[in-house]
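Participant: PDB, C-alpha atoms, file query.pdb:
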```pdb
ATOM      1  CA  MET A   1     123.900 137.631  80.526
ATOM      2  CA  GLU A   2     120.118 137.346  80.332
ATOM      3  CA  GLU A   3     118.250 135.596  83.129
ATOM      4  CA  ARG A   4     116.652 132.379  81.909
ATOM      5  CA  THR A   5     112.927 132.055  82.442
ATOM      6  CA  ASP A   6     110.569 129.137  81.886
ATOM      7  CA  GLU A   7     107.600 131.469  81.636
ATOM      8  CA  PRO A   8     106.466 130.297  78.144
ATOM      9  CA  ARG A   9     106.294 126.707  79.371
ATOM     10  CA  GLU A  10     104.420 127.695  82.533
ATOM     11  CA  ARG A  11     102.010 129.745  80.399
ATOM     12  CA  MET A  12     101.357 126.673  78.208
ATOM     13  CA  SER A  13     100.034 124.766  81.247
ATOM     14  CA  VAL A  14      97.908 127.685  82.359
ATOM     15  CA  GLN A  15      96.616 128.285  78.826
ATOM     16  CA  LEU A  16      95.562 124.645  78.397
ATOM     17  CA  LEU A  17      93.555 124.916  81.626
ATOM     18  CA  SER A  18      92.232 128.450  81.017
ATOM     19  CA  HIS A  19      88.692 127.181  80.368
ATOM     20  CA  ILE A  20      88.556 125.635  83.853
ATOM     21  CA  GLU A  21      87.897 127.508  87.098
ATOM     22  CA  GLY A  22      91.098 128.073  89.067
ATOM     23  CA  LEU A  23      90.771 127.685  92.840
ATOM     24  CA  GLY A  24      94.279 128.777  93.810
ATOM     25  CA  ASP A  25      97.358 127.361  95.443
ATOM     26  CA  GLY A  26      97.346 123.726  96.520
ATOM     27  CA  SER A  27      98.453 124.579 100.066
ATOM     28  CA  SER A  28      94.884 125.363 101.063
ATOM     29  CA  TYR A  29      93.883 121.834  99.947
ATOM     30  CA  THR A  30      96.506 119.953 101.991
ATOM     31  CA  GLY A  31      93.859 118.471 104.313
ATOM     32  CA  GLN A  32      91.731 117.194 101.450
ATOM     33  CA  ILE A  33      94.774 115.748  99.708
ATOM     34  CA  PHE A  34      95.947 114.108 102.938
ATOM     35  CA  ASP A  35      92.496 112.512 103.298
ATOM     36  CA  LEU A  36      93.211 110.659 100.028
ATOM     37  CA  VAL A  37      96.119 108.709 101.564
ATOM     38  CA  ASP A  38      93.933 105.719 102.464
ATOM     39  CA  HIS A  39      92.382 105.658  98.974
ATOM     40  CA  SER A  40      95.463 106.227  96.837
ATOM     41  CA  SER A  41      98.459 104.053  96.095
ATOM     42  CA  PHE A  42     100.175 107.260  94.961
ATOM     43  CA  PHE A  43     100.401 108.481  98.570
ATOM     44  CA  ALA A  44     101.083 105.148 100.297
ATOM     45  CA  GLU A  45     104.572 106.181 101.442
ATOM     46  CA  PHE A  46     103.917 109.912 101.950
ATOM     47  CA  THR A  47     103.865 111.630 105.336
ATOM     48  CA  ARG A  48     101.646 114.587 106.124
ATOM     49  CA  GLU A  49     104.749 116.796 105.787
ATOM     50  CA  ASP A  50     105.436 115.348 102.301
ATOM     51  CA  ILE A  51     101.882 116.170 101.250
ATOM     52  CA  GLU A  52     102.100 119.692 102.686
ATOM     53  CA  LEU A  53     105.299 120.287 100.713
ATOM     54  CA  LEU A  54     103.888 118.776  97.504
ATOM     55  CA  ALA A  55     100.630 120.743  97.776
ATOM     56  CA  GLY A  56     102.659 123.965  97.905
ATOM     57  CA  TYR A  57     103.918 123.248  94.375
ATOM     58  CA  MET A  58     100.442 122.498  92.998
ATOM     59  CA  HIS A  59      97.517 124.589  91.760
ATOM     60  CA  VAL A  60      93.898 123.509  92.167
ATOM     61  CA  TYR A  61      91.062 123.704  89.629
ATOM     62  CA  ARG A  62      87.373 122.803  89.455
ATOM     63  CA  ALA A  63      85.863 121.346  86.279
ATOM     64  CA  GLN A  64      82.143 121.025  85.714
ATOM     65  CA  ALA A  65      80.477 117.879  84.358
ATOM     66  CA  GLY A  66      81.246 117.507  80.656
ATOM     67  CA  GLN A  67      84.370 119.690  80.665
ATOM     68  CA  ALA A  68      87.518 118.218  79.129
ATOM     69  CA  VAL A  69      90.482 118.545  81.472
ATOM     70  CA  ILE A  70      92.890 116.933  78.980
ATOM     71  CA  ARG A  71      92.423 116.573  75.221
ATOM     72  CA  GLU A  72      94.011 113.825  73.157
ATOM     73  CA  GLY A  73      96.796 115.193  70.960
ATOM     74  CA  ASP A  74      97.268 118.424  72.941
ATOM     75  CA  ASP A  75     100.658 119.368  74.269
ATOM     76  CA  GLY A  76     100.900 118.993  77.985
ATOM     77  CA  ASP A  77     103.505 119.284  80.677
ATOM     78  CA  PHE A  78     101.405 118.591  83.751
ATOM     79  CA  MET A  79      99.647 115.806  85.591
ATOM     80  CA  LEU A  80      96.427 115.957  87.592
ATOM     81  CA  LEU A  81      95.581 114.501  90.977
ATOM     82  CA  ILE A  82      91.839 114.003  91.352
ATOM     83  CA  VAL A  83      90.802 115.428  94.743
ATOM     84  CA  SER A  84      87.041 114.926  94.333
ATOM     85  CA  GLY A  85      84.756 113.911  91.505
ATOM     86  CA  THR A  86      85.207 111.491  88.619
ATOM     87  CA  VAL A  87      86.900 111.707  85.226
ATOM     88  CA  ASP A  88      86.262 109.412  82.247
ATOM     89  CA  ILE A  89      89.215 108.654  79.970
ATOM     90  CA  PHE A  90      88.483 108.255  76.264
ATOM     91  CA  LYS A  91      90.729 107.187  73.378
ATOM     92  CA  SER A  92      89.887 107.878  69.738
ATOM     93  CA  SER A  93      89.518 104.766  67.602
ATOM     94  CA  ALA A  94      90.918 104.507  64.067
ATOM     95  CA  GLU A  95      87.432 105.554  62.887
ATOM     96  CA  GLY A  96      87.529 108.641  65.125
ATOM     97  CA  GLU A  97      85.001 107.335  67.664
ATOM     98  CA  GLN A  98      85.620 107.989  71.356
ATOM     99  CA  GLN A  99      86.015 104.726  73.278
ATOM    100  CA  LEU A 100      85.822 104.726  77.077
ATOM    101  CA  MET A 101      89.047 103.283  78.459
ATOM    102  CA  SER A 102      88.624 103.918  82.173
ATOM    103  CA  SER A 103      87.159 106.111  84.885
ATOM    104  CA  VAL A 104      89.194 107.586  87.733
ATOM    105  CA  GLY A 105      88.210 109.158  91.011
ATOM    106  CA  PRO A 106      89.698 110.730  94.128
ATOM    107  CA  GLY A 107      93.345 109.848  94.762
ATOM    108  CA  MET A 108      94.014 108.822  91.166
ATOM    109  CA  THR A 109      96.342 110.651  88.803
ATOM    110  CA  ILE A 110      96.135 111.299  85.072
ATOM    111  CA  GLY A 111      98.469 112.910  82.565
ATOM    112  CA  GLU A 112     101.694 111.524  84.031
ATOM    113  CA  MET A 113     103.112 110.346  80.697
ATOM    114  CA  SER A 114     103.018 113.781  79.057
ATOM    115  CA  MET A 115     104.358 115.448  82.197
ATOM    116  CA  ILE A 116     107.355 113.121  82.078
ATOM    117  CA  ASP A 117     108.088 112.804  78.360
ATOM    118  CA  GLY A 118     106.560 115.977  76.890
ATOM    119  CA  GLU A 119     104.742 114.019  74.174
ATOM    120  CA  PRO A 120     101.176 114.920  73.118
ATOM    121  CA  ARG A 121      98.308 113.695  75.279
ATOM    122  CA  PHE A 122      97.380 110.048  74.711
ATOM    123  CA  ALA A 123      93.687 110.344  75.589
ATOM    124  CA  THR A 124      90.872 112.774  76.336
ATOM    125  CA  CYS A 125      89.775 113.101  79.971
ATOM    126  CA  ILE A 126      86.312 114.493  80.709
ATOM    127  CA  ALA A 127      84.813 115.316  84.109
ATOM    128  CA  THR A 128      81.644 113.273  84.666
ATOM    129  CA  ASP A 129      80.566 115.457  87.593
ATOM    130  CA  THR A 130      81.974 118.482  89.372
ATOM    131  CA  THR A 131      85.628 117.543  89.797
ATOM    132  CA  VAL A 132      88.352 119.225  91.825
ATOM    133  CA  PHE A 133      91.913 118.401  90.850
ATOM    134  CA  ALA A 134      95.418 119.539  91.724
ATOM    135  CA  VAL A 135      97.970 120.123  88.960
ATOM    136  CA  LEU A 136     101.693 119.432  89.109
ATOM    137  CA  THR A 137     103.677 120.813  86.170
ATOM    138  CA  ARG A 138     106.958 119.478  84.839
ATOM    139  CA  ASP A 139     108.636 122.735  85.892
ATOM    140  CA  ASP A 140     107.316 122.396  89.443
ATOM    141  CA  MET A 141     108.431 118.757  89.513
ATOM    142  CA  ALA A 142     111.928 119.929  88.546
ATOM    143  CA  LYS A 143     111.796 122.509  91.367
ATOM    144  CA  ILE A 144     110.817 119.783  93.853
ATOM    145  CA  ILE A 145     113.745 117.630  92.719
ATOM    146  CA  LEU A 146     116.149 120.542  93.202
ATOM    147  CA  GLU A 147     114.655 122.042  96.375
ATOM    148  CA  ARG A 148     113.320 118.908  98.112
ATOM    149  CA  PRO A 149     115.314 115.945  96.711
ATOM    150  CA  SER A 150     113.860 113.423  99.173
ATOM    151  CA  LEU A 151     110.302 114.322  98.159
ATOM    152  CA  GLY A 152     111.276 114.417  94.486
ATOM    153  CA  THR A 153     112.719 110.926  94.753
ATOM    154  CA  LYS A 154     109.523 109.624  96.393
ATOM    155  CA  ILE A 155     107.383 111.124  93.627
ATOM    156  CA  LEU A 156     109.604 109.746  90.861
ATOM    157  CA  ILE A 157     109.621 106.255  92.399
ATOM    158  CA  VAL A 158     105.822 106.301  92.670
ATOM    159  CA  LEU A 159     105.454 107.487  89.057
ATOM    160  CA  VAL A 160     107.901 104.907  87.698
ATOM    161  CA  THR A 161     106.231 102.131  89.701
ATOM    162  CA  MET A 162     102.759 103.186  88.564
ATOM    163  CA  LEU A 163     103.741 103.495  84.899
ATOM    164  CA  THR A 164     105.600 100.160  85.011
ATOM    165  CA  HIS A 165     102.513  98.496  86.497
ATOM    166  CA  ARG A 166     100.333  99.927  83.713
ATOM    167  CA  LEU A 167     102.839  98.772  81.076
ATOM    168  CA  ARG A 168     102.818  95.249  82.523
ATOM    169  CA  GLN A 169      98.993  95.199  82.471
ATOM    170  CA  THR A 170      98.939  96.422  78.884
ATOM    171  CA  SER A 171     101.575  93.872  77.855
ATOM    172  CA  ALA A 172      99.568  91.059  79.462
ATOM    173  CA  ARG A 173      96.420  92.154  77.604
ATOM    174  CA  LEU A 174      98.340  92.355  74.331
ATOM    175  CA  LEU A 175      99.810  88.899  74.858
ATOM    176  CA  HIS A 176      96.344  87.514  75.641
ATOM    177  CA  TYR A 177      95.019  89.117  72.440
ATOM    178  CA  MET A 178      97.930  87.783  70.351
ATOM    179  CA  GLU A 179      97.435  84.231  71.669
ATOM    180  CA  ARG A 180      93.787  84.069  70.599
ATOM    181  CA  PRO A 181      93.153  81.755  67.642
ATOM    182  CA  LEU A 182      92.344  83.535  64.411
ATOM    183  CA  ALA A 183      88.781  83.096  63.145
ATOM    184  CA  PHE A 184      88.424  82.494  59.410
TER     185      PHE A 184
END
```
Any chance you could give the structure as C-alpha cells?
Facilitator:
Amino acid sequence: MEERTDEPRERMSVQLLSHIEGLGDGSSYTGQIFDLVDHSSFFAEFTREDIELLAGYMHVYRAQAGQAVIREGDDGDFMLLIVSGTVDIFKSSAEGEQQLMSSVGPGMTIGEMSMIDGEPRFATCIATDTTVFAVLTRDDMAKIILERPSLGTKILIVLVTMLTHRLRQTSARLLHYMERPLAF
C-alpha cells in the first residue's frame, strides 16, 4: 500500500507565497509572536508554551510595501498572522475597482476563511510597508489537532469566535442598509 502524502497541497501554499521572501521556521519568532499577546484578541487565552508550540508549526515571510500576500480569487489553504507591518484589504467591486475594506496590523490574522473552508480568497491583501507574517496552513492545523489537541481546540475556538463576531458585524451592517428608506 502506498504511503499517503499531502505534498501537493503543501506545495500549493508555498507556490502561492513564492514571490515573497521566506524567513524560515516560526520557532525563531516565538518572542515576537508572544509580544503580540497584549495587542491581539487571537492570543488572549494563550500561554507562552501555547505560542511556542504554535510557532513551531508556522513559517515566517517578509513582504515589501506594495506586495500582494493574498489575491482575491486565488486558491488558498493558509492563514497569516501579522507580526509587524500593515496590510490593506481590498475587495473588487462589480465594476472591477479595488475598494479598501480594512487595514490590519500586528496581532491580526487574515485568510482564515480559506484556510478553514478551502474556498477561493475573498479579497486581496497588500502590504503597505515592510510586513513580517507567520503562516499556518490547513495541513499544519490538522497536525496540531492530532498532535496537540488542547492547542488545536484553543485555536479552533478563537477562529470560530472571531468569524462569528465578523458575521454578526456584517449582518448588523446589512440590516442597517436594508432598513434605510429608498430614495426615488
Participant: I need the residue nearest Tyr29 of chain A from this list: A:Asp139, A:Asp129, A:Glu52, A:Glu95. Use all atoms listed in the file for the distance.
Facilitator: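 Looking at the shortest contact to Tyr29 of chain A, the residue is A:Glu52.
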Participant: Using only the atoms of segment 15-29 of chain A listed in the file, plus 3 Å on each side, state the axis-aligned box centre and edge lengths in Å rounded to one decimal, as JSON.
Facilitator:
```
{"center_x": 93.2, "center_y": 125.3, "center_z": 89.7, "size_x": 16.6, "size_y": 12.9, "size_z": 28.7}
```
Participant: Could you tell me which of A:Ser171, A:Thr30, A:Thr109, A:Thr86 comes closest to Val158 of chain A if we count all atoms listed in the file?
Facilitator: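 Using all atoms listed in the file, Val158 of chain A sits closest to A:Thr109.
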Participant: Decode the PyMOL selection byres ((chain A and resi 64-69) around 7) for the given file into explicit residues and return them as number ranges by chain.
Facilitator: A: 62-63, 70-71, 124-131
Participant: Env of Leu151 of chain A: 9 Å cut, atoms = all atoms listed in the file, seq-sep filter 3 positions within chain, self excluded. Answer as a count of residues only.
Facilitator: 10
Participant: Can you list, as a PyMOL selection string, the residues that the PyMOL selection byres ((chain A and resi 23) around 9) selects here?
Facilitator: chain A and resi 21-22+24-26+59-62+132
Participant: Keeping C-alpha atoms for every residue in the selection just given, could you write it to a file as an mmCIF file, keeping the file's coordinate frame?
Facilitator:
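part-v2.cif written:
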```
data_model
loop_
_atom_site.group_PDB
_atom_site.id
_atom_site.type_symbol
_atom_site.label_atom_id
_atom_site.label_comp_id
_atom_site.auth_asym_id
_atom_site.auth_seq_id
_atom_site.Cartn_x
_atom_site.Cartn_y
_atom_site.Cartn_z
ATOM 1 C CA GLU A 21 87.897 127.508 87.098
ATOM 2 C CA GLY A 22 91.098 128.073 89.067
ATOM 3 C CA GLY A 24 94.279 128.777 93.810
ATOM 4 C CA ASP A 25 97.358 127.361 95.443
ATOM 5 C CA GLY A 26 97.346 123.726 96.520
ATOM 6 C CA HIS A 59 97.517 124.589 91.760
ATOM 7 C CA VAL A 60 93.898 123.509 92.167
ATOM 8 C CA TYR A 61 91.062 123.704 89.629
ATOM 9 C CA ARG A 62 87.373 122.803 89.455
ATOM 10 C CA VAL A 132 88.352 119.225 91.825
#
```
Participant: So which residues fall inside 6 Å of (96.1, 122.4, 76.2) if we count all atoms listed in the file? Mind giving them as a list in words?
Facilitator: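 All residues meeting the 6 Å criterion around (96.1, 122.4, 76.2) are Leu16, Asp74 and Asp75 of chain A.
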Participant: Would you compute the distance between atom CA of Asp35 of chain A and atom CA of Tyr57 of chain A? Give it in Å to one decimal.
Facilitator: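 Taking atom CA of Asp35 of chain A and atom CA of Tyr57 of chain A, their separation equals 18.0 Å.
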Participant: With the file shown as input, list the residues that the PyMOL selection byres ((chain A and resi 77-81) around 8) selects, as a ChimeraX atom specification.
Facilitator: /A:13,75-76,82-83,106-112,114-116,118,133-138
Participant: Counting only C-alpha atoms, which of A:Gly73, A:Gly85, A:Ser103, A:Gly152 gets nearest to Ala123 of chain A?
Facilitator: A:Gly73
Participant: Rounded to one decimal, what separation in Å do you get between atom CA of Gln98 of chain A and atom CA of Arg121 of chain A?
Facilitator: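 According to the coordinates, atom CA of Gln98 of chain A and atom CA of Arg121 of chain A are separated by 14.5 Å.
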Participant: Nearest to Gly56 of chain A among A:Met141, A:Leu36, A:Leu100, A:Val87, with distances taken over only C-alpha atoms: which residue is it?
Facilitator: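 For Gly56 of chain A, the nearest of the candidates is A:Met141.
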Participant: In terms of the shortest atom-to-atom distance over only C-alpha atoms, which of A:Thr164, A:Glu72, A:Ser150, A:Ala44 is closest to Lys91 of chain A?
Facilitator: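 That would be A:Glu72, the residue with the smallest distance to Lys91 of chain A.
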Participant: Just the number, please: distance in Å from atom CA of Phe43 of chain A to atom CA of Gln169 of chain A, one decimal.
Facilitator: 20.9 Å
